[in-house]
>>> print(open('run_2.cif').read())   # mmCIF, C-alpha atoms
data_query
#
loop_
_atom_site.label_atom_id
_atom_site.label_comp_id
_atom_site.auth_asym_id
_atom_site.auth_seq_id
_atom_site.Cartn_x
_atom_site.Cartn_y
_atom_site.Cartn_z
CA MET A 1 -20.20 -6.92 0.02
CA ILE A 2 -21.14 -3.82 2.04
CA GLU A 3 -24.89 -3.32 2.31
CA ARG A 4 -27.34 -0.80 3.64
CA ASP A 5 -31.08 -1.54 3.72
CA GLY A 6 -30.48 -4.78 1.81
CA LYS A 7 -28.63 -3.13 -1.09
CA MET A 8 -24.94 -2.75 -1.90
CA GLN A 9 -23.70 0.67 -0.86
CA ARG A 10 -22.76 3.07 -3.65
CA ILE A 11 -19.55 5.12 -3.89
CA LEU A 12 -18.92 8.04 -6.22
CA HIS A 13 -15.22 8.76 -6.73
CA ILE A 14 -14.25 12.29 -7.81
CA SER A 15 -10.77 12.58 -9.30
CA LYS A 16 -9.27 15.41 -11.35
CA TYR A 17 -8.46 12.97 -14.17
CA TYR A 18 -8.60 9.18 -14.34
CA TYR A 19 -6.87 6.20 -15.92
CA PRO A 20 -5.51 5.88 -18.60
CA PHE A 21 -4.45 9.49 -17.91
CA SER A 22 -1.00 9.19 -16.31
CA GLY A 23 -0.42 10.84 -12.93
CA GLY A 24 0.13 10.02 -9.27
CA THR A 25 -3.31 11.09 -8.06
CA GLU A 26 -4.98 9.31 -10.96
CA GLN A 27 -3.14 6.09 -10.17
CA ILE A 28 -4.15 6.30 -6.50
CA ALA A 29 -7.77 6.99 -7.47
CA ARG A 30 -7.75 3.84 -9.59
CA ASP A 31 -6.06 1.83 -6.81
CA CYS A 32 -8.83 3.03 -4.51
CA VAL A 33 -11.57 1.88 -6.92
CA LEU A 34 -9.89 -1.51 -7.43
CA ALA A 35 -9.56 -2.02 -3.66
CA LEU A 36 -13.32 -1.56 -3.23
CA LYS A 37 -14.45 -3.53 -6.28
CA ASP A 38 -17.09 -6.22 -5.65
CA LYS A 39 -17.81 -4.73 -2.21
CA TYR A 40 -19.53 -1.55 -3.41
CA VAL A 41 -21.29 -0.29 -6.52
CA GLN A 42 -18.97 2.41 -7.87
CA LYS A 43 -18.86 5.21 -10.41
CA VAL A 44 -16.16 7.79 -11.18
CA ILE A 45 -16.42 11.38 -12.41
CA ALA A 46 -13.38 13.23 -13.74
CA PHE A 47 -12.27 15.72 -16.37
CA ASN A 48 -11.48 14.51 -19.86
CA ASP A 49 -8.13 15.57 -21.27
CA GLY A 50 -10.00 16.47 -24.47
CA LYS A 51 -12.91 18.82 -25.11
CA LYS A 52 -15.67 16.21 -25.48
CA ASP A 53 -17.73 14.45 -22.82
CA GLN A 54 -17.50 10.68 -22.80
CA ILE A 55 -18.36 7.69 -20.65
CA ASP A 56 -15.74 4.94 -20.43
CA THR A 57 -15.73 1.62 -18.63
CA VAL A 58 -12.49 1.02 -16.75
CA ASP A 59 -12.00 -2.17 -14.71
CA GLY A 60 -15.76 -2.74 -14.99
CA VAL A 61 -16.60 0.67 -13.49
CA GLU A 62 -18.32 3.53 -15.36
CA VAL A 63 -16.15 6.63 -15.64
CA TYR A 64 -17.85 9.91 -16.59
CA LYS A 65 -15.32 12.21 -18.23
CA CYS A 66 -16.33 15.85 -18.69
CA GLY A 67 -14.76 17.78 -21.55
CA CYS A 68 -12.31 20.52 -20.53
CA PHE A 69 -12.36 23.83 -22.41
CA ALA A 70 -9.63 25.68 -20.47
CA LYS A 71 -7.24 25.61 -17.51
CA VAL A 72 -6.62 28.32 -14.93
CA SER A 73 -3.56 27.86 -12.69
CA ALA A 74 -3.50 24.16 -13.61
CA GLN A 75 -7.19 23.82 -12.65
CA SER A 76 -9.43 22.36 -15.36
CA LEU A 77 -12.70 24.05 -16.36
CA SER A 78 -15.69 22.31 -17.93
CA SER A 79 -19.10 23.65 -18.97
CA SER A 80 -20.71 20.21 -18.51
CA TYR A 81 -19.19 19.17 -15.18
CA GLY A 82 -21.80 20.76 -12.91
CA LYS A 83 -24.70 19.20 -14.83
CA THR A 84 -23.06 15.75 -14.90
CA LEU A 85 -22.22 15.83 -11.20
CA HIS A 86 -25.76 16.90 -10.32
CA ALA A 87 -27.23 14.09 -12.43
CA LEU A 88 -24.99 11.49 -10.76
CA MET A 89 -25.75 12.76 -7.25
CA ASP A 90 -29.46 12.55 -8.10
CA SER A 91 -29.72 9.29 -10.06
CA PHE A 92 -26.82 7.28 -8.60
CA ASP A 93 -27.48 8.69 -5.11
CA PRO A 94 -24.15 7.63 -3.57
CA ASP A 95 -23.88 6.61 0.07
CA ILE A 96 -20.23 7.76 0.05
CA VAL A 97 -18.33 10.34 -1.98
CA VAL A 98 -14.54 9.97 -2.16
CA PHE A 99 -13.15 13.36 -3.22
CA HIS A 100 -9.51 13.59 -4.32
CA TYR A 101 -8.05 16.96 -3.28
CA PRO A 102 -6.73 19.36 -4.62
CA ASN A 103 -9.52 19.99 -7.10
CA PRO A 104 -10.87 23.34 -5.85
CA PHE A 105 -13.26 24.29 -8.67
CA VAL A 106 -15.03 20.95 -8.34
CA ALA A 107 -15.06 21.26 -4.53
CA SER A 108 -17.38 24.28 -4.83
CA LEU A 109 -19.83 22.26 -6.96
CA LEU A 110 -19.66 19.28 -4.63
CA LEU A 111 -20.36 21.32 -1.50
CA LYS A 112 -23.57 22.62 -3.10
CA GLU A 113 -24.62 19.09 -4.03
CA LEU A 114 -24.02 17.79 -0.51
CA LYS A 115 -26.24 20.39 1.15
CA ASN A 116 -29.12 18.72 2.99
CA LYS A 117 -27.81 15.26 2.06
CA LYS A 118 -26.68 12.52 4.45
CA THR A 119 -24.02 11.32 2.00
CA ARG A 120 -20.75 10.53 3.78
CA LEU A 121 -17.82 12.57 2.46
CA ILE A 122 -14.30 11.19 2.52
CA VAL A 123 -11.69 13.74 1.45
CA TYR A 124 -8.52 12.16 0.06
CA TRP A 125 -5.99 14.94 0.79
CA HIS A 126 -3.06 14.40 -1.55
CA LEU A 127 -1.35 17.74 -0.92
CA ASP A 128 -1.83 21.39 0.05
CA ILE A 129 -2.04 24.02 -2.67
CA ILE A 130 1.39 25.64 -2.40
CA ARG A 131 2.61 27.03 -5.72
CA GLN A 132 -0.55 28.88 -6.81
CA LYS A 133 -0.49 31.64 -4.20
CA PHE A 134 -3.65 33.36 -5.45
CA LEU A 135 -5.64 30.12 -5.43
CA ARG A 136 -4.25 29.21 -2.02
CA VAL A 137 -5.69 32.38 -0.48
CA PHE A 138 -8.84 32.45 -2.62
CA PHE A 139 -9.93 28.94 -1.56
CA ASN A 140 -9.21 29.25 2.18
CA GLY A 141 -12.89 29.54 3.10
CA GLN A 142 -13.82 26.70 0.78
CA ASN A 143 -11.20 24.42 2.35
CA GLU A 144 -12.65 25.16 5.77
CA ARG A 145 -16.16 24.23 4.59
CA LEU A 146 -14.91 21.11 2.79
CA LEU A 147 -13.04 19.79 5.82
CA ALA A 148 -15.89 20.69 8.17
CA ARG A 149 -18.28 18.67 5.98
CA ALA A 150 -15.89 15.70 5.69
CA ASP A 151 -16.59 12.62 7.77
CA LYS A 152 -13.01 11.39 7.33
CA VAL A 153 -9.84 12.80 5.76
CA ILE A 154 -7.23 10.50 4.25
CA ALA A 155 -3.59 11.62 4.46
CA THR A 156 -0.75 9.75 2.77
CA SER A 157 1.65 10.01 5.72
CA PRO A 158 1.74 11.13 9.38
CA ASN A 159 4.36 13.71 8.33
CA TYR A 160 1.88 15.45 6.07
CA ILE A 161 -0.70 15.69 8.85
CA GLU A 162 1.88 17.34 11.09
CA GLY A 163 3.08 19.71 8.37
CA SER A 164 -0.27 20.84 6.93
CA LYS A 165 -2.18 23.61 8.68
CA TRP A 166 -5.34 22.26 7.05
CA LEU A 167 -4.92 18.71 8.28
CA GLN A 168 -3.86 19.96 11.71
CA SER A 169 -7.23 21.73 11.94
CA VAL A 170 -9.09 18.40 11.54
CA LYS A 171 -6.54 16.05 13.05
CA GLU A 172 -9.25 14.01 14.78
CA LYS A 173 -10.78 13.14 11.37
CA CYS A 174 -7.49 12.14 9.72
CA VAL A 175 -6.60 8.57 8.80
CA VAL A 176 -3.20 7.67 7.33
CA VAL A 177 -3.29 5.52 4.19
CA PRO A 178 0.19 5.38 2.64
CA ASN A 179 0.41 5.22 -1.15
CA CYS A 180 1.28 1.85 -2.61
CA ILE A 181 3.22 0.15 -5.33
CA ASN A 182 1.74 -2.61 -7.47
CA VAL A 183 3.84 -5.74 -7.02
CA GLU A 184 2.66 -7.22 -10.31
CA ARG A 185 3.78 -4.12 -12.21
CA MET A 186 7.20 -4.24 -10.53
CA LYS A 187 8.10 -7.70 -11.85
CA ILE A 188 11.42 -7.98 -13.65
CA THR A 189 11.38 -9.91 -16.93
CA PRO A 190 14.47 -11.48 -18.59
CA GLU A 191 14.27 -8.69 -21.20
CA ILE A 192 14.45 -6.01 -18.48
CA GLU A 193 17.28 -7.82 -16.72
CA LYS A 194 19.20 -8.02 -19.98
CA ARG A 195 18.79 -4.28 -20.56
CA ALA A 196 19.93 -3.56 -16.97
CA THR A 197 23.08 -5.62 -17.64
CA GLU A 198 23.71 -3.59 -20.81
CA ILE A 199 23.47 -0.32 -18.86
CA ARG A 200 25.97 -1.61 -16.31
CA GLU A 201 28.37 -2.74 -19.05
CA GLU A 202 28.10 0.66 -20.76
CA ASN A 203 29.20 2.24 -17.45
CA GLN A 204 31.76 -0.30 -16.29
CA GLY A 205 33.78 0.96 -13.34
CA LYS A 206 31.39 3.84 -12.63
CA ILE A 207 28.85 4.45 -9.87
CA ILE A 208 25.49 4.74 -11.63
CA CYS A 209 23.07 7.27 -10.16
CA LEU A 210 19.47 7.72 -11.31
CA ALA A 211 16.90 10.48 -10.81
CA VAL A 212 13.41 10.28 -12.29
CA GLY A 213 10.56 12.77 -12.47
CA ARG A 214 8.86 15.65 -14.22
CA HIS A 215 11.28 18.50 -14.82
CA THR A 216 9.65 21.06 -12.60
CA GLU A 217 11.00 23.25 -9.81
CA TYR A 218 9.96 21.26 -6.75
CA LYS A 219 11.69 18.10 -8.05
CA GLY A 220 15.02 19.80 -7.26
CA PHE A 221 17.03 18.55 -10.24
CA SER A 222 19.02 21.80 -10.30
CA TYR A 223 20.51 20.85 -6.92
CA LEU A 224 21.50 17.41 -8.20
CA ILE A 225 23.21 19.07 -11.17
CA GLU A 226 25.11 21.40 -8.81
CA ALA A 227 26.08 18.44 -6.62
CA SER A 228 27.43 16.63 -9.69
CA LYS A 229 29.96 19.43 -10.21
CA LEU A 230 31.55 18.45 -6.89
CA LEU A 231 32.04 14.82 -7.96
CA ASP A 232 34.79 13.13 -9.95
CA ASP A 233 34.35 11.20 -13.19
CA ASN A 234 33.72 7.90 -11.39
CA PHE A 235 30.03 8.84 -11.37
CA LYS A 236 27.43 8.56 -14.12
CA ILE A 237 24.16 10.39 -13.42
CA TYR A 238 21.05 9.69 -15.48
CA ILE A 239 18.16 12.16 -15.25
CA ALA A 240 14.96 10.71 -16.72
CA GLY A 241 11.78 12.60 -17.51
CA LYS A 242 10.77 15.81 -19.19
CA GLY A 243 9.03 19.08 -18.30
CA GLU A 244 8.95 22.83 -18.51
CA LEU A 245 12.48 23.10 -17.07
CA THR A 246 14.18 20.54 -19.33
CA ASP A 247 15.99 23.10 -21.50
CA LYS A 248 17.06 25.11 -18.43
CA LEU A 249 18.40 21.99 -16.70
CA LYS A 250 20.36 20.95 -19.79
CA LYS A 251 21.94 24.40 -19.91
CA GLU A 252 22.90 24.13 -16.22
CA ALA A 253 24.53 20.77 -16.92
CA GLU A 254 26.49 21.92 -19.99
CA GLY A 255 30.08 20.68 -19.91
CA ASP A 256 29.37 18.05 -17.25
CA ASN A 257 29.85 14.73 -19.06
CA LYS A 258 28.76 12.80 -15.95
CA ILE A 259 25.14 13.82 -16.55
CA GLN A 260 22.93 12.31 -19.23
CA PHE A 261 19.31 13.31 -19.87
CA THR A 262 17.28 10.36 -21.13
CA GLY A 263 13.95 12.10 -21.76
CA ARG A 264 10.77 10.18 -20.99
CA VAL A 265 11.39 6.45 -20.94
CA ASP A 266 8.93 3.59 -21.22
CA ASP A 267 8.15 1.28 -18.31
CA LYS A 268 10.66 -1.40 -19.33
CA GLU A 269 13.53 1.08 -19.73
CA LEU A 270 12.62 2.70 -16.40
CA LYS A 271 12.71 -0.62 -14.56
CA ALA A 272 15.98 -1.56 -16.21
CA SER A 273 17.49 1.82 -15.27
CA ILE A 274 16.46 1.44 -11.62
CA ARG A 275 17.71 -2.13 -11.60
CA ALA A 276 21.08 -1.03 -13.03
CA CYS A 277 21.73 1.96 -10.77
CA ASP A 278 23.82 1.94 -7.58
CA ILE A 279 22.24 5.04 -5.99
CA TYR A 280 18.75 6.47 -6.39
CA CYS A 281 18.77 10.27 -6.19
CA PHE A 282 15.52 11.89 -5.07
CA PRO A 283 16.33 15.61 -4.75
CA SER A 284 12.79 17.03 -4.28
CA ILE A 285 12.80 20.19 -2.15
CA THR A 286 9.21 21.12 -1.18
CA LYS A 287 6.15 19.33 0.11
CA ASN A 288 4.63 19.51 -3.34
CA GLU A 289 6.35 16.13 -3.22
CA ALA A 290 3.80 14.80 -0.80
CA PHE A 291 4.90 11.16 -0.66
CA GLY A 292 7.40 9.90 -3.25
CA LEU A 293 5.95 6.85 -4.97
CA ALA A 294 8.91 6.67 -7.38
CA LEU A 295 11.16 6.64 -4.32
CA ALA A 296 9.27 3.66 -2.88
CA GLU A 297 9.59 1.83 -6.20
CA ALA A 298 13.37 2.29 -6.22
CA MET A 299 13.54 1.07 -2.62
CA TYR A 300 11.55 -2.03 -3.63
CA TYR A 301 14.40 -2.77 -6.04
CA GLU A 302 16.85 -2.48 -3.10
CA LYS A 303 18.36 0.85 -4.10
CA PRO A 304 19.72 3.17 -1.37
CA ALA A 305 18.21 6.64 -1.64
CA ILE A 306 19.50 10.15 -1.05
CA THR A 307 16.86 12.72 -0.12
CA PHE A 308 16.62 16.23 1.24
CA THR A 309 14.86 17.00 4.52
CA ILE A 310 11.43 18.34 3.53
CA PRO A 311 9.36 19.54 6.51
CA GLY A 312 5.77 18.33 6.25
CA SER A 313 6.40 15.95 3.34
CA GLY A 314 6.01 12.19 3.36
CA VAL A 315 9.34 11.74 1.56
CA ASN A 316 11.20 11.42 4.87
CA TYR A 317 8.54 8.97 6.05
CA VAL A 318 9.06 6.74 3.02
CA SER A 319 12.88 6.71 3.21
CA LEU A 320 14.39 6.81 6.69
CA ASP A 321 17.71 8.52 7.35
CA GLU A 322 20.57 6.07 8.00
CA VAL A 323 18.13 3.17 7.67
CA THR A 324 17.14 3.04 3.99
CA GLY A 325 19.32 5.87 2.72
CA ILE A 326 20.82 9.25 3.58
CA GLU A 327 18.82 12.41 4.27
CA VAL A 328 20.59 15.77 4.08
CA GLU A 329 19.78 19.41 4.79
CA ASN A 330 17.35 20.86 2.25
CA ARG A 331 19.05 22.44 -0.79
CA ASN A 332 22.52 21.81 0.65
CA VAL A 333 24.43 20.84 -2.49
CA GLU A 334 27.70 20.11 -0.65
CA LYS A 335 25.98 17.69 1.76
CA TYR A 336 24.16 16.00 -1.11
CA ALA A 337 27.46 15.44 -2.95
CA GLU A 338 29.04 14.12 0.27
CA ALA A 339 26.21 11.60 0.65
CA MET A 340 26.74 10.44 -2.95
CA LYS A 341 30.46 10.01 -2.29
CA LYS A 342 29.80 8.11 0.94
CA LEU A 343 27.53 5.57 -0.73
CA ALA A 344 29.83 5.32 -3.75
CA THR A 345 32.79 4.25 -1.62
CA ASP A 346 30.90 1.88 0.69
CA LYS A 347 29.27 -1.02 -1.15
CA GLU A 348 28.31 -2.76 2.10
CA LEU A 349 26.37 0.32 3.19
CA ARG A 350 24.58 0.45 -0.17
CA VAL A 351 23.56 -3.18 0.24
CA LYS A 352 22.48 -2.62 3.86
CA TYR A 353 20.31 0.40 3.03
CA GLY A 354 18.96 -1.32 -0.07
CA ARG A 355 17.77 -4.39 1.82
CA ALA A 356 16.26 -2.26 4.58
CA GLY A 357 14.48 -0.19 1.92
CA LYS A 358 12.86 -3.22 0.34
CA LYS A 359 11.72 -4.46 3.73
CA ARG A 360 10.23 -1.06 4.56
CA VAL A 361 8.25 -1.08 1.32
CA GLU A 362 7.09 -4.67 1.82
CA ASP A 363 5.99 -3.88 5.38
CA ASN A 364 4.19 -0.63 4.59
CA PHE A 365 3.69 0.36 0.96
CA LEU A 366 2.34 -2.57 -1.05
CA ASP A 367 -1.04 -2.69 -2.78
CA SER A 368 -2.22 -5.42 -0.37
CA GLN A 369 -1.82 -3.13 2.65
CA PHE A 370 -3.33 -0.24 0.72
CA GLY A 371 -6.47 -2.22 -0.11
CA GLU A 372 -6.93 -3.26 3.50
CA ASN A 373 -6.46 0.33 4.73
CA ILE A 374 -8.91 1.80 2.18
CA ARG A 375 -11.60 -0.75 3.01
CA LYS A 376 -11.33 0.12 6.71
CA VAL A 377 -11.80 3.84 5.97
CA MET A 378 -15.10 3.20 4.15
CA ILE A 379 -16.70 1.40 7.11
#
>>> encode(input="run_2.cif", output="structure tokens")
Amino acid sequence: MIERDGKMQRILHISKYYYPFSGGTEQIARDCVLALKDKYVQKVIAFNDGKKDQIDTVDGVEVYKCGCFAKVSAQSLSSSYGKTLHALMDSFDPDIVVFHYPNPFVASLLLKELKNKKTRLIVYWHLDIIRQKFLRVFFNGQNERLLARADKVIATSPNYIEGSKWLQSVKEKCVVVPNCINVERMKITPEIEKRATEIREENQGKIICLAVGRHTEYKGFSYLIEASKLLDDNFKIYIAGKGELTDKLKKEAEGDNKIQFTGRVDDKELKASIRACDIYCFPSITKNEAFGLALAEAMYYEKPAITFTIPGSGVNYVSLDEVTGIEVENRNVEKYAEAMKKLATDKELRVKYGRAGKKRVEDNFLDSQFGENIRKVMI
């Protein structure tokens, strides 16, 4: 229990959305709350994915969800958010605010609320704004004020600190807290193992490759599809997920019987697919892929990974070249195909990288280490 003046300290978490909304930032925000449970009094404020305001209780913590009436460049807008945030800052009076960035419209409201307050601000910097060029320029001044006001800034990898001009500007405030996987959620049941066996039997004699993620540009699935065209029919490549580029990707893969799109799959099917595969393909191409939690999950299941070199991203911090997998020149389709061929023909190397990958995850990216790291940041 962390106290100040005889009372438990209070933390207000600000996340774009929150559990049960599915997303990487939302999962990390929840992991953060769970790591601090019973040591602090906590509340969460986030957008609702509907139009109405509501207050939920998640894991014993009150979550204030503000109805969203529109989105601009993927940024949610709410007519009630400012009022709700002001009320919480006044009545709850947090000792610490944990702000999950990027969330630029809310950042402007928060900076006003923090004026003349001694509240400690911890900015959890998930990634730079890259794709939305207008927003990136428009919020430059705001980012400077936000980082100047911050007491500490959490980055998910040392690579991201080195590659971000914003984090470089406040390097002395930065603390690395790698993302984590939940060991309990990763457990393999007999049902999952049975399904994994079925997938292997369906592809007997083939090297099974798996790629998972939202079908959007930075995930780099187009490059995996191009690499597939350089491979023989000994490969089977599953691409799981869905997104705005799904139809385009399917068109690019037309005539290539090695590739199969599975759509979104449930948790059991995903685990079985990872368990069944020989090679985990992670072809992301920009630092919009800030860390690669799905990559860490595959490594936990002892799967060798193939990644591109992404300057400033944590991907190449999660999987290490020639240790846990193979890293190749960004967007180089020929090199990516060569790496797939190399792992396909060398089972011993796959096993070696797979075991090293699991050890790397166990040493660095489990929820137990995450909880310890987060608690240290709050002190």
>>> closest_residue(input="run_2.cif", among="A:Pro20, A:Gly60, A:Gly357, A:Pro158", to="Pro178 in chain A", atoms="all atoms listed in the file")
A:Pro158
>>> resolve_selection(input="run_2.cif", expression="the PyMOL selection byres ((chain A and resi 321) around 10)", output="short mmCIF file (atom, residue, chain, number, x, y, z; two decimals) with C-alpha atoms, keeping the file's coordinate frame")
data_model
loop_
_atom_site.label_atom_id
_atom_site.label_comp_id
_atom_site.auth_asym_id
_atom_site.auth_seq_id
_atom_site.Cartn_x
_atom_site.Cartn_y
_atom_site.Cartn_z
CA ALA A 305 18.21 6.64 -1.64
CA ILE A 306 19.50 10.15 -1.05
CA THR A 307 16.86 12.72 -0.12
CA PHE A 308 16.62 16.23 1.24
CA THR A 309 14.86 17.00 4.52
CA ASN A 316 11.20 11.42 4.87
CA TYR A 317 8.54 8.97 6.05
CA VAL A 318 9.06 6.74 3.02
CA SER A 319 12.88 6.71 3.21
CA LEU A 320 14.39 6.81 6.69
CA GLU A 322 20.57 6.07 8.00
CA VAL A 323 18.13 3.17 7.67
CA THR A 324 17.14 3.04 3.99
CA GLY A 325 19.32 5.87 2.72
CA ILE A 326 20.82 9.25 3.58
CA GLU A 327 18.82 12.41 4.27
CA VAL A 328 20.59 15.77 4.08
CA TYR A 353 20.31 0.40 3.03
#
>>> closest_residue(input="run_2.cif", among="A:His13, A:His100, A:Lys65, A:Arg149", to="Lys118 in chain A", atoms="all atoms listed in the file")
A:Arg149
>>> residues_near_point(input="run_2.cif", point="(13.0, 7.1, -4.9)", cutoff="9 Å", atoms="all atoms listed in the file", output="number ranges by chain")
A: 211-212, 280-282, 292-299, 303-307, 315, 318-319
>>> closest_residue(input="run_2.cif", among="A:Lys52, A:Leu88, A:Ser22, A:Ala339", to="Leu231 in chain A", atoms="all atoms listed in the file")
A:Ala339
>>> residues_around(input="run_2.cif", residues="Tyr81 in chain A", least_positions_apart="4", cutoff="12 Å", atoms="only C-alpha atoms", output="PyMOL selection string")
chain A and resi 14+16+45-48+51-54+64-69+76-77+85-88+105-110
>>> closest_residue(input="run_2.cif", among="A:Gln75, A:Thr119, A:Asn234, A:Thr286", to="Met89 in chain A", atoms="only C-alpha atoms")
A:Thr119
>>> resolve_selection(input="run_2.cif", expression="the PyMOL selection byres ((chain A and resi 159) around 10)", output="MDAnalysis selection string")
chainID A and resid 155:158 160:164 176 290:291 310:318
>>> closest_residue(input="run_2.cif", among="A:Gln42, A:Glu113, A:Leu230, A:Glu269", to="Ala196 in chain A", atoms="all atoms listed in the file")
A:Glu269
>>> atom_distance(input="run_2.cif", atom1="CA of Asp233 in chain A", atom2="CA of Phe221 in chain A")
19.0 Å
>>> decode(input="run_2.cif", residues="range 289-301 of chain A", atoms="N, CA, C and O atoms", output="CSV table (one decimal), in the first residue's frame")
chain,number,residue,atom,x,y,z
A,289,GLU,N,4.6,0.0,-35.8
A,289,GLU,CA,4.7,-1.3,-35.0
A,289,GLU,C,5.7,-1.0,-33.9
A,289,GLU,O,6.9,-1.2,-34.1
A,290,ALA,N,5.3,-0.5,-32.8
A,290,ALA,CA,6.2,0.0,-31.8
A,290,ALA,C,6.9,-1.0,-31.0
A,290,ALA,O,8.0,-0.8,-30.5
A,291,PHE,N,6.3,-2.2,-30.8
A,291,PHE,CA,6.9,-3.2,-30.0
A,291,PHE,C,6.8,-4.6,-30.6
A,291,PHE,O,7.8,-5.2,-31.0
A,292,GLY,N,5.5,-5.1,-30.8
A,292,GLY,CA,5.3,-6.4,-31.4
A,292,GLY,C,4.9,-7.5,-30.4
A,292,GLY,O,5.6,-8.5,-30.2
A,293,LEU,N,3.8,-7.2,-29.7
A,293,LEU,CA,3.4,-8.2,-28.6
A,293,LEU,C,3.0,-9.5,-29.2
A,293,LEU,O,3.3,-10.6,-28.6
A,294,ALA,N,2.4,-9.5,-30.4
A,294,ALA,CA,2.1,-10.8,-31.1
A,294,ALA,C,3.4,-11.6,-31.4
A,294,ALA,O,3.4,-12.8,-31.3
A,295,LEU,N,4.4,-10.9,-31.7
A,295,LEU,CA,5.7,-11.5,-32.0
A,295,LEU,C,6.2,-12.2,-30.7
A,295,LEU,O,6.7,-13.3,-30.7
A,296,ALA,N,6.1,-11.5,-29.6
A,296,ALA,CA,6.6,-12.0,-28.3
A,296,ALA,C,5.8,-13.3,-27.9
A,296,ALA,O,6.3,-14.3,-27.4
A,297,GLU,N,4.5,-13.3,-28.2
A,297,GLU,CA,3.6,-14.4,-28.0
A,297,GLU,C,4.1,-15.6,-28.8
A,297,GLU,O,4.2,-16.8,-28.3
A,298,ALA,N,4.4,-15.4,-30.0
A,298,ALA,CA,4.9,-16.5,-30.9
A,298,ALA,C,6.2,-17.1,-30.4
A,298,ALA,O,6.5,-18.3,-30.4
A,299,MET,N,7.1,-16.2,-29.9
A,299,MET,CA,8.4,-16.6,-29.4
A,299,MET,C,8.2,-17.4,-28.1
A,299,MET,O,8.9,-18.3,-27.9
A,300,TYR,N,7.2,-17.0,-27.3
A,300,TYR,CA,6.9,-17.8,-26.1
A,300,TYR,C,6.6,-19.2,-26.4
A,300,TYR,O,6.8,-20.2,-25.7
A,301,TYR,N,5.9,-19.4,-27.6
A,301,TYR,CA,5.6,-20.8,-28.1
A,301,TYR,C,6.8,-21.4,-28.8
A,301,TYR,O,6.6,-22.4,-29.6
